[in-house]
Structure formats: C-alpha cells, structure tokens
$ cat upload-v1.cif   # mmCIF, C-alpha atoms (C1' of nucleotides)
data_input
#
loop_
_atom_site.group_PDB
_atom_site.id
_atom_site.type_symbol
_atom_site.label_atom_id
_atom_site.label_comp_id
_atom_site.auth_asym_id
_atom_site.auth_seq_id
_atom_site.Cartn_x
_atom_site.Cartn_y
_atom_site.Cartn_z
ATOM 1 C CA MET A 80 0.000 0.000 0.000
ATOM 2 C CA ASP A 81 1.494 3.282 -1.049
ATOM 3 C CA THR A 82 0.227 6.004 1.205
ATOM 4 C CA SER A 83 2.827 8.390 -0.112
ATOM 5 C CA GLN A 84 0.900 9.168 -3.277
ATOM 6 C CA LEU A 85 -2.113 10.207 -1.260
ATOM 7 C CA LEU A 86 -0.057 12.976 0.307
ATOM 8 C CA LYS A 87 0.520 14.694 -3.000
ATOM 9 C CA GLY A 88 -1.069 18.062 -3.084
ATOM 10 C CA VAL A 89 -2.328 17.628 0.442
ATOM 11 C CA LEU A 90 0.844 17.916 2.452
ATOM 12 C CA ASP A 91 0.780 21.649 1.808
ATOM 13 C CA LEU A 92 -2.598 21.785 3.405
ATOM 14 C CA ALA A 93 -1.541 19.702 6.388
ATOM 15 C CA VAL A 94 1.547 21.816 6.997
ATOM 16 C CA LEU A 95 -0.421 25.047 6.801
ATOM 17 C CA ALA A 96 -3.007 23.667 9.190
ATOM 18 C CA VAL A 97 -0.366 22.693 11.681
ATOM 19 C CA LEU A 98 1.116 26.189 11.582
ATOM 20 C CA ARG A 99 -2.204 27.934 11.826
ATOM 21 C CA ASP A 100 -2.193 28.565 15.568
ATOM 22 C CA GLU A 101 1.476 28.487 16.377
ATOM 23 C CA ASP A 102 4.778 29.042 14.595
ATOM 24 C CA GLY A 103 6.967 26.032 14.266
ATOM 25 C CA TYR A 104 10.304 24.866 12.901
ATOM 26 C CA GLY A 105 10.750 22.001 10.468
ATOM 27 C CA TYR A 106 11.569 19.239 12.853
ATOM 28 C CA ASP A 107 8.700 20.251 15.065
ATOM 29 C CA VAL A 108 6.223 20.425 12.187
ATOM 30 C CA LEU A 109 7.309 16.930 11.306
ATOM 31 C CA ARG A 110 6.583 15.784 14.844
ATOM 32 C CA ARG A 111 3.187 17.476 14.874
ATOM 33 C CA LEU A 112 2.183 15.758 11.650
ATOM 34 C CA ARG A 113 3.374 12.378 12.864
ATOM 35 C CA ALA A 114 1.610 12.880 16.157
ATOM 36 C CA GLY A 115 -1.489 13.741 14.167
ATOM 37 C CA GLY A 116 -1.481 10.355 12.483
ATOM 38 C CA MET A 117 0.751 10.906 9.479
ATOM 39 C CA GLY A 118 3.313 8.406 10.543
ATOM 40 C CA GLU A 119 4.491 7.820 7.027
ATOM 41 C CA VAL A 120 5.518 11.321 6.103
ATOM 42 C CA GLY A 121 9.220 11.694 5.335
ATOM 43 C CA ASP A 122 11.332 14.432 6.837
ATOM 44 C CA ALA A 123 12.615 15.633 3.480
ATOM 45 C CA SER A 124 9.034 16.065 2.327
ATOM 46 C CA VAL A 125 8.209 18.376 5.192
ATOM 47 C CA TYR A 126 11.359 20.456 4.862
ATOM 48 C CA GLY A 127 10.772 20.666 1.132
ATOM 49 C CA THR A 128 7.175 21.710 1.568
ATOM 50 C CA LEU A 129 8.098 24.416 4.056
ATOM 51 C CA ARG A 130 10.687 25.818 1.678
ATOM 52 C CA ARG A 131 8.208 25.681 -1.170
ATOM 53 C CA LEU A 132 5.490 27.452 0.771
ATOM 54 C CA TYR A 133 7.957 30.069 1.967
ATOM 55 C CA LYS A 134 9.204 30.649 -1.550
ATOM 56 C CA ALA A 135 5.601 31.035 -2.662
ATOM 57 C CA GLY A 136 5.171 33.828 -0.145
ATOM 58 C CA LEU A 137 2.764 31.977 2.098
ATOM 59 C CA LEU A 138 4.985 31.766 5.141
ATOM 60 C CA THR A 139 7.337 33.985 7.075
ATOM 61 C CA SER A 140 10.639 32.638 8.332
ATOM 62 C CA TYR A 141 13.144 33.490 11.032
ATOM 63 C CA VAL A 142 16.063 31.631 12.501
ATOM 64 C CA VAL A 143 16.383 31.135 16.222
ATOM 65 C CA PRO A 144 19.596 29.763 17.721
ATOM 66 C CA SER A 145 18.919 27.054 20.245
ATOM 67 C CA ASP A 146 20.792 26.512 23.487
ATOM 68 C CA GLU A 147 20.291 22.827 23.247
ATOM 69 C CA GLY A 148 21.057 21.813 19.696
ATOM 70 C CA PRO A 149 21.402 23.292 16.218
ATOM 71 C CA HIS A 150 19.624 26.469 15.176
ATOM 72 C CA ARG A 151 15.937 26.301 14.403
ATOM 73 C CA LYS A 152 14.292 27.806 11.363
ATOM 74 C CA TYR A 153 10.854 28.893 12.420
ATOM 75 C CA TYR A 154 8.016 29.363 9.996
ATOM 76 C CA GLY A 155 4.846 31.323 10.585
ATOM 77 C CA MET A 156 1.718 32.159 8.658
ATOM 78 C CA ASN A 157 1.015 35.440 6.922
ATOM 79 C CA ASP A 158 -2.215 36.626 5.317
ATOM 80 C CA ALA A 159 -1.496 34.908 2.026
ATOM 81 C CA GLY A 160 -0.877 31.666 3.864
ATOM 82 C CA ARG A 161 -4.076 31.924 5.809
ATOM 83 C CA GLU A 162 -5.985 32.649 2.642
ATOM 84 C CA ARG A 163 -4.428 29.694 0.924
ATOM 85 C CA LEU A 164 -5.264 27.483 3.858
ATOM 86 C CA VAL A 165 -8.925 28.379 3.587
ATOM 87 C CA GLU A 166 -8.984 27.833 -0.166
ATOM 88 C CA SER A 167 -7.150 24.540 0.011
ATOM 89 C CA GLU A 168 -9.384 23.292 2.758
ATOM 90 C CA LYS A 169 -12.396 24.089 0.637
ATOM 91 C CA ALA A 170 -10.893 22.338 -2.373
ATOM 92 C CA TRP A 171 -10.103 19.344 -0.206
ATOM 93 C CA ARG A 172 -13.641 19.081 1.111
ATOM 94 C CA ALA A 173 -15.094 19.331 -2.381
ATOM 95 C CA PHE A 174 -12.729 16.713 -3.699
ATOM 96 C CA GLN A 175 -13.444 14.433 -0.804
ATOM 97 C CA GLU A 176 -17.161 14.591 -1.480
ATOM 98 C CA THR A 177 -16.736 13.969 -5.174
ATOM 99 C CA LEU A 178 -14.663 10.875 -4.655
ATOM 100 C CA ASP A 179 -16.932 9.583 -1.923
ATOM 101 C CA ALA A 180 -19.897 9.959 -4.244
ATOM 102 C CA ILE A 181 -18.119 7.931 -6.914
ATOM 103 C CA LEU A 182 -17.192 5.278 -4.385
ATOM 104 C CA ARG A 183 -20.779 5.088 -3.235
ATOM 105 C CA LYS A 184 -22.486 4.687 -6.550
ATOM 106 C CA GLY A 185 -19.790 2.903 -8.542
ATOM 107 C CA ALA A 186 -20.782 3.021 -12.184
ATOM 108 C CA VAL A 187 -23.115 5.886 -12.970
ATOM 109 C CA ALA A 188 -24.887 3.505 -15.313
ATOM 110 C CA MET B 155 -5.876 25.988 -7.703
ATOM 111 C CA ASP B 156 -4.313 22.751 -8.811
ATOM 112 C CA THR B 157 -6.784 19.964 -8.386
ATOM 113 C CA SER B 158 -4.608 17.636 -10.407
ATOM 114 C CA GLN B 159 -2.275 16.912 -7.520
ATOM 115 C CA LEU B 160 -5.161 15.724 -5.399
ATOM 116 C CA LEU B 161 -5.817 12.968 -7.889
ATOM 117 C CA LYS B 162 -2.447 11.358 -7.329
ATOM 118 C CA GLY B 163 -2.821 7.922 -5.918
ATOM 119 C CA VAL B 164 -6.571 8.240 -5.925
ATOM 120 C CA LEU B 165 -7.378 7.989 -9.588
ATOM 121 C CA ASP B 166 -6.685 4.278 -9.372
ATOM 122 C CA LEU B 167 -9.326 4.025 -6.735
ATOM 123 C CA ALA B 168 -11.839 6.045 -8.706
ATOM 124 C CA VAL B 169 -11.308 3.995 -11.842
ATOM 125 C CA LEU B 170 -11.684 0.732 -9.982
ATOM 126 C CA ALA B 171 -14.850 2.002 -8.317
ATOM 127 C CA VAL B 172 -16.341 2.978 -11.634
ATOM 128 C CA LEU B 173 -15.628 -0.466 -13.062
ATOM 129 C CA ARG B 174 -16.934 -2.308 -10.037
ATOM 130 C CA ASP B 175 -20.416 -3.014 -11.314
ATOM 131 C CA GLU B 176 -19.974 -2.851 -15.046
ATOM 132 C CA ASP B 177 -17.155 -3.300 -17.548
ATOM 133 C CA GLY B 178 -16.192 -0.228 -19.461
ATOM 134 C CA TYR B 179 -13.816 1.061 -22.116
ATOM 135 C CA GLY B 180 -11.469 3.985 -21.662
ATOM 136 C CA TYR B 181 -13.529 6.709 -23.187
ATOM 137 C CA ASP B 182 -16.527 5.572 -21.242
ATOM 138 C CA VAL B 183 -14.660 5.398 -17.950
ATOM 139 C CA LEU B 184 -13.574 8.950 -18.625
ATOM 140 C CA ARG B 185 -17.185 9.984 -19.105
ATOM 141 C CA ARG B 186 -18.305 8.212 -15.953
ATOM 142 C CA LEU B 187 -15.670 9.979 -13.893
ATOM 143 C CA ARG B 188 -16.497 13.351 -15.362
ATOM 144 C CA ALA B 189 -20.196 12.740 -14.819
ATOM 145 C CA GLY B 190 -19.330 11.840 -11.243
ATOM 146 C CA GLY B 191 -17.850 15.254 -10.647
ATOM 147 C CA MET B 192 -14.257 14.838 -11.739
ATOM 148 C CA GLY B 193 -14.451 17.377 -14.490
ATOM 149 C CA GLU B 194 -10.747 18.094 -14.396
ATOM 150 C CA VAL B 195 -9.454 14.618 -15.095
ATOM 151 C CA GLY B 196 -7.479 14.354 -18.326
ATOM 152 C CA ASP B 197 -8.106 11.633 -20.885
ATOM 153 C CA ALA B 198 -4.484 10.544 -20.996
ATOM 154 C CA SER B 199 -4.560 10.044 -17.236
ATOM 155 C CA VAL B 200 -7.474 7.650 -17.455
ATOM 156 C CA TYR B 201 -6.039 5.651 -20.335
ATOM 157 C CA GLY B 202 -2.725 5.532 -18.532
ATOM 158 C CA THR B 203 -4.316 4.375 -15.314
ATOM 159 C CA LEU B 204 -6.265 1.635 -17.065
ATOM 160 C CA ARG B 205 -3.105 0.355 -18.722
ATOM 161 C CA ARG B 206 -1.256 0.508 -15.431
ATOM 162 C CA LEU B 207 -3.954 -1.383 -13.556
ATOM 163 C CA TYR B 208 -4.183 -3.970 -16.303
ATOM 164 C CA LYS B 209 -0.436 -4.433 -16.309
ATOM 165 C CA ALA B 210 -0.582 -4.871 -12.551
ATOM 166 C CA GLY B 211 -3.015 -7.738 -13.046
ATOM 167 C CA LEU B 212 -6.001 -6.011 -11.499
ATOM 168 C CA LEU B 213 -8.110 -5.815 -14.632
ATOM 169 C CA THR B 214 -9.088 -8.008 -17.531
ATOM 170 C CA SER B 215 -9.214 -6.630 -21.028
ATOM 171 C CA TYR B 216 -10.901 -7.417 -24.328
ATOM 172 C CA VAL B 217 -11.389 -5.531 -27.541
ATOM 173 C CA VAL B 218 -14.815 -5.085 -29.081
ATOM 174 C CA PRO B 219 -15.247 -3.647 -32.574
ATOM 175 C CA SER B 220 -17.915 -1.007 -32.710
ATOM 176 C CA ASP B 221 -20.421 -0.444 -35.521
ATOM 177 C CA GLU B 222 -20.424 3.231 -34.899
ATOM 178 C CA GLY B 223 -16.855 4.330 -34.433
ATOM 179 C CA PRO B 224 -13.423 2.925 -33.654
ATOM 180 C CA HIS B 225 -12.872 -0.282 -31.699
ATOM 181 C CA ARG B 226 -13.337 -0.229 -27.970
ATOM 182 C CA LYS B 227 -10.989 -1.729 -25.426
ATOM 183 C CA TYR B 228 -13.095 -2.922 -22.548
ATOM 184 C CA TYR B 229 -11.742 -3.413 -19.062
ATOM 185 C CA GLY B 230 -13.291 -5.466 -16.305
ATOM 186 C CA MET B 231 -12.508 -6.355 -12.724
ATOM 187 C CA ASN B 232 -11.000 -9.603 -11.527
ATOM 188 C CA ASP B 233 -10.544 -10.855 -7.985
ATOM 189 C CA ALA B 234 -7.261 -9.029 -7.528
ATOM 190 C CA GLY B 235 -8.888 -5.828 -8.673
ATOM 191 C CA ARG B 236 -11.774 -6.231 -6.314
ATOM 192 C CA GLU B 237 -9.422 -6.924 -3.457
ATOM 193 C CA ARG B 238 -7.372 -3.869 -4.299
ATOM 194 C CA LEU B 239 -10.482 -1.755 -4.462
ATOM 195 C CA VAL B 240 -11.434 -2.743 -0.945
ATOM 196 C CA GLU B 241 -7.954 -2.104 0.376
ATOM 197 C CA SER B 242 -7.601 1.222 -1.357
ATOM 198 C CA GLU B 243 -10.969 2.336 -0.161
ATOM 199 C CA LYS B 244 -9.985 1.500 3.373
ATOM 200 C CA ALA B 245 -6.702 3.373 3.006
ATOM 201 C CA TRP B 246 -8.562 6.340 1.583
ATOM 202 C CA ARG B 247 -10.999 6.470 4.479
ATOM 203 C CA ALA B 248 -8.203 6.269 7.008
ATOM 204 C CA PHE B 249 -6.233 8.960 5.287
ATOM 205 C CA GLN B 250 -9.269 11.160 5.043
ATOM 206 C CA GLU B 251 -9.890 10.901 8.757
ATOM 207 C CA THR B 252 -6.288 11.605 9.620
ATOM 208 C CA LEU B 253 -6.156 14.756 7.556
ATOM 209 C CA ASP B 254 -9.532 15.922 8.793
ATOM 210 C CA ALA B 255 -8.336 15.502 12.355
ATOM 211 C CA ILE B 256 -5.280 17.620 11.649
ATOM 212 C CA LEU B 257 -7.412 20.268 9.982
ATOM 213 C CA ARG B 258 -9.701 20.296 12.975
ATOM 214 C CA LYS B 259 -7.177 20.723 15.714
ATOM 215 C CA GLY B 260 -4.453 22.630 13.898
ATOM 216 C CA ALA B 261 -1.315 22.500 15.999
ATOM 217 C CA VAL B 262 -1.274 19.622 18.405
ATOM 218 C CA ALA B 263 0.279 21.996 20.907
ATOM 219 C "C1'" DC C 62 35.560 10.559 22.350
ATOM 220 C "C1'" DG C 63 32.149 8.391 20.061
ATOM 221 C "C1'" DC C 64 27.084 7.810 19.947
ATOM 222 C "C1'" DG C 65 22.458 9.251 19.731
ATOM 223 C "C1'" DG C 66 19.093 12.857 19.392
ATOM 224 C "C1'" DT C 67 18.156 17.340 17.261
ATOM 225 C "C1'" DA C 68 17.954 20.173 13.013
ATOM 226 C "C1'" DC C 69 18.605 21.579 8.250
ATOM 227 C "C1'" DT C 70 20.247 21.257 3.161
ATOM 228 C "C1'" DG C 71 20.866 19.207 -1.279
ATOM 229 C "C1'" DC C 72 20.825 15.453 -4.824
ATOM 230 C "C1'" DG C 73 18.748 12.296 -7.570
ATOM 231 C "C1'" DC C 74 14.976 8.923 -8.102
ATOM 232 C "C1'" DT C 75 10.200 7.462 -8.836
ATOM 233 C "C1'" DT C 76 5.430 7.806 -9.489
ATOM 234 C "C1'" DT C 77 1.767 9.769 -11.708
ATOM 235 C "C1'" DG C 78 -1.206 13.025 -13.945
ATOM 236 C "C1'" DC C 79 -1.167 15.995 -18.141
ATOM 237 C "C1'" DG C 80 -0.830 18.228 -22.742
ATOM 238 C "C1'" DC C 81 -0.282 17.278 -27.319
ATOM 239 C "C1'" DA C 82 0.229 14.884 -31.563
ATOM 240 C "C1'" DA C 83 -0.850 10.970 -34.311
ATOM 241 C "C1'" DT C 84 -4.001 7.486 -35.978
ATOM 242 C "C1'" DA C 85 -8.446 5.943 -37.289
ATOM 243 C "C1'" DG C 86 -13.297 5.151 -37.953
ATOM 244 C "C1'" DT C 87 -18.039 7.327 -38.476
ATOM 245 C "C1'" DG C 88 -21.636 10.667 -39.399
ATOM 246 C "C1'" DT C 89 -23.005 15.550 -40.598
ATOM 247 C "C1'" DT C 90 -23.024 19.611 -43.057
ATOM 248 C "C1'" DC C 91 -22.239 22.788 -46.746
ATOM 249 C "C1'" DG D 216 -16.987 15.272 -51.519
ATOM 250 C "C1'" DA D 217 -14.219 17.945 -48.436
ATOM 251 C "C1'" DA D 218 -14.050 19.731 -44.060
ATOM 252 C "C1'" DC D 219 -15.313 19.037 -39.643
ATOM 253 C "C1'" DA D 220 -16.696 17.054 -35.266
ATOM 254 C "C1'" DC D 221 -17.216 13.158 -32.256
ATOM 255 C "C1'" DT D 222 -15.625 8.714 -30.770
ATOM 256 C "C1'" DA D 223 -11.564 5.922 -29.285
ATOM 257 C "C1'" DT D 224 -6.791 4.638 -28.402
ATOM 258 C "C1'" DT D 225 -1.616 5.066 -28.192
ATOM 259 C "C1'" DG D 226 2.785 7.210 -27.326
ATOM 260 C "C1'" DC D 227 6.035 10.917 -25.987
ATOM 261 C "C1'" DG D 228 8.021 13.936 -23.034
ATOM 262 C "C1'" DC D 229 7.162 17.109 -19.174
ATOM 263 C "C1'" DA D 230 6.414 18.718 -14.434
ATOM 264 C "C1'" DA D 231 5.133 18.308 -9.674
ATOM 265 C "C1'" DA D 232 5.913 16.360 -5.393
ATOM 266 C "C1'" DG D 233 7.188 12.939 -1.897
ATOM 267 C "C1'" DC D 234 11.225 10.075 -0.483
ATOM 268 C "C1'" DG D 235 15.674 8.006 0.688
ATOM 269 C "C1'" DC D 236 20.047 9.098 1.698
ATOM 270 C "C1'" DA D 237 24.209 11.505 2.507
ATOM 271 C "C1'" DG D 238 26.313 15.371 4.438
ATOM 272 C "C1'" DT D 239 26.796 19.093 7.915
ATOM 273 C "C1'" DA D 240 26.441 20.641 12.506
ATOM 274 C "C1'" DC D 241 25.497 21.236 17.342
ATOM 275 C "C1'" DC D 242 24.627 19.313 21.796
ATOM 276 C "C1'" DG D 243 24.925 16.124 26.047
ATOM 277 C "C1'" DC D 244 25.977 11.689 28.103
ATOM 278 C "C1'" DG D 245 28.474 7.624 29.431
#

$ encode --input "upload-v1.cif" --output "structure tokens"
Amino acid sequence: MDTSQLLKGVLDLAVLAVLRDEDGYGYDVLRRLRAGGMGEVGDASVYGTLRRLYKAGLLTSYVVPSDEGPHRKYYGMNDAGRERLVESEKAWRAFQETLDAILRKGAVA
Amino acid sequence: MDTSQLLKGVLDLAVLAVLRDEDGYGYDVLRRLRAGGMGEVGDASVYGTLRRLYKAGLLTSYVVPSDEGPHRKYYGMNDAGRERLVESEKAWRAFQETLDAILRKGAVA
DNA sequence: CGCGGTACTGCGCTTTGCGCAATAGTGTTC
DNA sequence: GAACACTATTGCGCAAAGCGCAGTACCGCG
C-alpha cells in the first residue's frame, strides 16, 4: 500500500493547518504531523514543503539559535498563507465529497 | 488551484470504483468519472491508469469492434482488482480521517 | 571521544497526472 | 466530396511532489 501518493497536493494543506495557531520549525512540524497520524511522512518532504510554501510567499521565516542543539528555522503564517489554507481546505472538502460519491455509486450507469 | 495533484494515488481508486459493477472502455470510464464530478481529469490520465492497472493484473481486457466508431478496449474487474479496491478504499478512508483531524485541531500543541 | 538525538540542506529517483500529436473510424453539413 | 466534429486509443516527453540518503552541525551523556 502506497500512502505516499495520497499525500501529494495535500501535504501543503496539512503543513499550513499545523502552523495555523502556532509558529513552528521544520523538525517540530514533522513531529506534529506524525503525532497527528501521518506516521508515514518523510522528513525531506516536510522540509521541502516548508521551503516551497515560503518561496511562494505563504509563510514567514526566522532563525532562532537554540541553546540545546542546532539552530531552528521557524516558519509562521502570513495573510497569504491563511488565505491559501482556507482555499485549500475548501478544495479538499469538495474533492473528498466527489470521490466519496463515486465510491458510493460505482458506475453511474 | 491545482486539483490535479489531489488525484495522485486516488485515480486508481476512482477507476476501480467505476468499473466495479460494469465493464467499461477507456472513453466511457472517462465519461463516468467526469459525470461523477471529476471534471478536471485528463483523458491521458485515465487511459494511462487503465493500462497501469491492467499491467498490474487487477483488470481483464478485451477488444470489441464497434459499428459506430473505432474499436473499444473494454476493461473489467477480476478478484485481484476487487481486493485492491477494498484495500484502497480502506486506506482512503483512514487517510481522510487523519487529515480531517489535523485540519480540525491545527497545531497539536 | 564516540554515539544518539536534534535540526537543516541538497541530490537524484520514482510515481503519476497531463498536454499534445498521431491514428483511425463514423456521421453531418455545406 | 471535403471539411469538420465526435468517438476511441496510443505514445512521448514534461512537471510536480514525496522520499531516501548523505552530508553538515550542534549538543549532552556515558
């Protein structure tokens, strides 16, 4: 079973959701997602997604040196990110419903 | 908004679902999916998926000449396909719930 | 001093959906 | 009857995104 393909296009959404209420750095975002049930998500995927979202102007970023370990690159939401989160969530819900409908009725006949 | 990424790993499931009750040929499967709400799905994606599933041993295939147009390549389910459908559906439901939970609570805090 | 946990970057691979062109048969319209 | 539109399939090459893995680096502990 390849859960990884299901993540495509949805990891963005998950990452944004996890950052909605509180800023977080990569490693922490990874932990939040895993704690939330996404045990299969790879670390590189999360770091990549964060960079992608930042580059797209949806996140802010600032580095904080840590006393107990390497520096941490925090990411936080801005207005564009919040807007995107709402849109993506809507798209997700619509898609979900569409697929569920198809699963329910099988062939339209 | 890029709905296409949401399809990844799920188009298989949709195609199998649509073939569950009745055999169908590519063009028809495409129509069923579009009628079911997947207006954005590309024809090449469906043909590709059918070939992939067939190659994976999940579908049977037979060609039927048509009186009114080109020949049609029908696809039908076999036991492996049916089994896969059930599994994939289960995986989909689980994934759905996981993501919804993350969307609900945001940061685990 | 090496080992394990924390934390990030970069590289290359794979899967998969997509656009587009080509091929081909049929019916319609001007 | 030539052009066009719809049906129906194949193949090619592209792009997006998740992943594994290696490398770097910093810390504390035994």

$ resolve_selection --input "upload-v1.cif" --expression "the PyMOL selection byres ((chain D) within 8 of (chain A))" --output "ChimeraX atom specification"
/D:232-234,240-242

$ resolve_selection --input "upload-v1.cif" --expression "the PyMOL selection byres ((chain C and resi 85) around 9)" --output "MDAnalysis selection string"
(chainID B and resid 224) or (chainID C and resid 84 86) or (chainID D and resid 223)

$ resolve_selection --input "upload-v1.cif" --expression "the PyMOL selection byres ((chain C) within 10 of (chain A))" --output "MDAnalysis selection string"
chainID C and resid 66:70 76:77

$ closest_atom_pairs --input "upload-v1.cif" --of "chain B" --to "chain A" --cutoff "9 Å" --atoms "only C-alpha atoms" --output "CSV"
residue,atom,partner,partner_atom,distance
B:Met155,CA,A:Ser167,CA,8.0
B:Asp156,CA,A:Gly88,CA,8.1
B:Thr157,CA,A:Ala170,CA,7.7
B:Ser158,CA,A:Gly88,CA,8.1
B:Gln159,CA,A:Gly88,CA,4.7
B:Leu160,CA,A:Gly88,CA,5.3
B:Leu161,CA,A:Leu85,CA,8.1
B:Lys162,CA,A:Gln84,CA,5.7
B:Gly163,CA,A:Gln84,CA,4.7
B:Val164,CA,A:Leu85,CA,6.7
B:Leu167,CA,A:Leu182,CA,8.3
B:Ala168,CA,A:Ile181,CA,6.8
B:Leu170,CA,A:Gly185,CA,8.5
B:Ala171,CA,A:Gly185,CA,5.0
B:Val172,CA,A:Ala186,CA,4.5
B:Leu173,CA,A:Ala186,CA,6.3
B:Arg174,CA,A:Gly185,CA,6.1
B:Asp175,CA,A:Ala186,CA,6.1
B:Glu176,CA,A:Ala186,CA,6.6
B:Val183,CA,A:Ala186,CA,8.7
B:Arg186,CA,A:Val187,CA,6.1
B:Leu187,CA,A:Ile181,CA,7.7
B:Ala189,CA,A:Val187,CA,7.7
B:Gly190,CA,A:Ile181,CA,6.0
B:Gly191,CA,A:Thr177,CA,5.7
B:Met192,CA,A:Thr177,CA,7.1
B:Glu241,CA,A:Met80,CA,8.2
B:Ser242,CA,A:Met80,CA,7.8
B:Glu243,CA,A:Leu182,CA,8.1
B:Ala245,CA,A:Thr82,CA,7.6
B:Trp246,CA,A:Leu85,CA,8.0
B:Phe249,CA,A:Leu85,CA,7.8
B:Gln250,CA,A:Gln175,CA,7.9
B:Thr252,CA,A:Gly116,CA,5.7
B:Leu253,CA,A:Ala93,CA,6.9
B:Ala255,CA,A:Gly115,CA,7.3
B:Ile256,CA,A:Gly115,CA,6.0
B:Leu257,CA,A:Ala96,CA,5.6
B:Arg258,CA,A:Ala96,CA,8.4
B:Lys259,CA,A:Val97,CA,8.2
B:Gly260,CA,A:Val97,CA,4.7
B:Ala261,CA,A:Val97,CA,4.4
B:Val262,CA,A:Arg111,CA,6.1
B:Ala263,CA,A:Glu101,CA,8.0

$ atom_distance --input "upload-v1.cif" --atom1 "CA of Glu237 in chain B" --atom2 "C1' of DC74 in chain C"
29.5 Å

$ atom_distance --input "upload-v1.cif" --atom1 "CA of Leu212 in chain B" --atom2 "CA of Met231 in chain B"
6.6 Å

$ atom_distance --input "upload-v1.cif" --atom1 "CA of Lys134 in chain A" --atom2 "CA of Gly118 in chain A"
26.0 Å

$ closest_residue --input "upload-v1.cif" --among "A:Arg131, A:Leu138, A:Gly155, A:Leu109" --to "DA231 in chain D" --atoms "only C-alpha atoms (C1' of nucleotides)"
A:Arg131

$ residues_near_point --input "upload-v1.cif" --point "(27.5, 7.1, 23.9)" --cutoff "8 Å" --atoms "all atoms listed in the file" --output "list of chain:residue names"
C:DG63, C:DC64, C:DG65, D:DC244, D:DG245

$ residues_near_point --input "upload-v1.cif" --point "(22.9, 17.4, 3.3)" --cutoff "7 Å" --atoms "all atoms listed in the file" --output "number ranges by chain"
C: 70-71; D: 237-239

$ write_last_selection --input "upload-v1.cif" --atoms "C-alpha atoms (C1' of nucleotides)" --output "compact mmCIF listing (two decimals), keeping the file's coordinate frame"
# COMPACT_ATOMS: atom_id res chain seq x y z
C1' DT C 70 20.25 21.26 3.16
C1' DG C 71 20.87 19.21 -1.28
C1' DA D 237 24.21 11.50 2.51
C1' DG D 238 26.31 15.37 4.44
C1' DT D 239 26.80 19.09 7.92

$ build_atoms --input "upload-v1.cif" --residues "range 178-189 of chain B" --atoms "N, CA and C atoms" --output "PDB file, in the frame of the given file"
ATOM      1  N   GLY B 178     -16.148  -1.476 -18.718  1.00  0.00           N
ATOM      2  CA  GLY B 178     -16.192  -0.228 -19.461  1.00  0.00           C
ATOM      3  C   GLY B 178     -14.921  -0.038 -20.280  1.00  0.00           C
ATOM      4  N   TYR B 179     -15.008   0.748 -21.329  1.00  0.00           N
ATOM      5  CA  TYR B 179     -13.816   1.061 -22.116  1.00  0.00           C
ATOM      6  C   TYR B 179     -13.361   2.466 -21.757  1.00  0.00           C
ATOM      7  N   GLY B 180     -12.102   2.755 -22.090  1.00  0.00           N
ATOM      8  CA  GLY B 180     -11.469   3.985 -21.662  1.00  0.00           C
ATOM      9  C   GLY B 180     -12.303   5.248 -21.760  1.00  0.00           C
ATOM     10  N   TYR B 181     -12.780   5.482 -22.950  1.00  0.00           N
ATOM     11  CA  TYR B 181     -13.529   6.709 -23.187  1.00  0.00           C
ATOM     12  C   TYR B 181     -14.761   6.786 -22.301  1.00  0.00           C
ATOM     13  N   ASP B 182     -15.323   5.643 -22.063  1.00  0.00           N
ATOM     14  CA  ASP B 182     -16.527   5.572 -21.242  1.00  0.00           C
ATOM     15  C   ASP B 182     -16.196   5.793 -19.761  1.00  0.00           C
ATOM     16  N   VAL B 183     -15.111   5.199 -19.324  1.00  0.00           N
ATOM     17  CA  VAL B 183     -14.660   5.398 -17.950  1.00  0.00           C
ATOM     18  C   VAL B 183     -14.419   6.882 -17.710  1.00  0.00           C
ATOM     19  N   LEU B 184     -13.809   7.508 -18.704  1.00  0.00           N
ATOM     20  CA  LEU B 184     -13.574   8.950 -18.625  1.00  0.00           C
ATOM     21  C   LEU B 184     -14.885   9.693 -18.423  1.00  0.00           C
ATOM     22  N   ARG B 185     -15.881   9.317 -19.216  1.00  0.00           N
ATOM     23  CA  ARG B 185     -17.185   9.984 -19.105  1.00  0.00           C
ATOM     24  C   ARG B 185     -17.819   9.748 -17.742  1.00  0.00           C
ATOM     25  N   ARG B 186     -17.718   8.522 -17.261  1.00  0.00           N
ATOM     26  CA  ARG B 186     -18.305   8.212 -15.953  1.00  0.00           C
ATOM     27  C   ARG B 186     -17.674   9.073 -14.862  1.00  0.00           C
ATOM     28  N   LEU B 187     -16.358   9.187 -14.912  1.00  0.00           N
ATOM     29  CA  LEU B 187     -15.670   9.979 -13.893  1.00  0.00           C
ATOM     30  C   LEU B 187     -16.075  11.444 -13.971  1.00  0.00           C
ATOM     31  N   ARG B 188     -16.125  11.941 -15.189  1.00  0.00           N
ATOM     32  CA  ARG B 188     -16.497  13.351 -15.362  1.00  0.00           C
ATOM     33  C   ARG B 188     -17.921  13.572 -14.897  1.00  0.00           C
ATOM     34  N   ALA B 189     -18.802  12.632 -15.246  1.00  0.00           N
ATOM     35  CA  ALA B 189     -20.196  12.740 -14.819  1.00  0.00           C
ATOM     36  C   ALA B 189     -20.281  12.688 -13.299  1.00  0.00           C
TER      37      ALA B 189
END
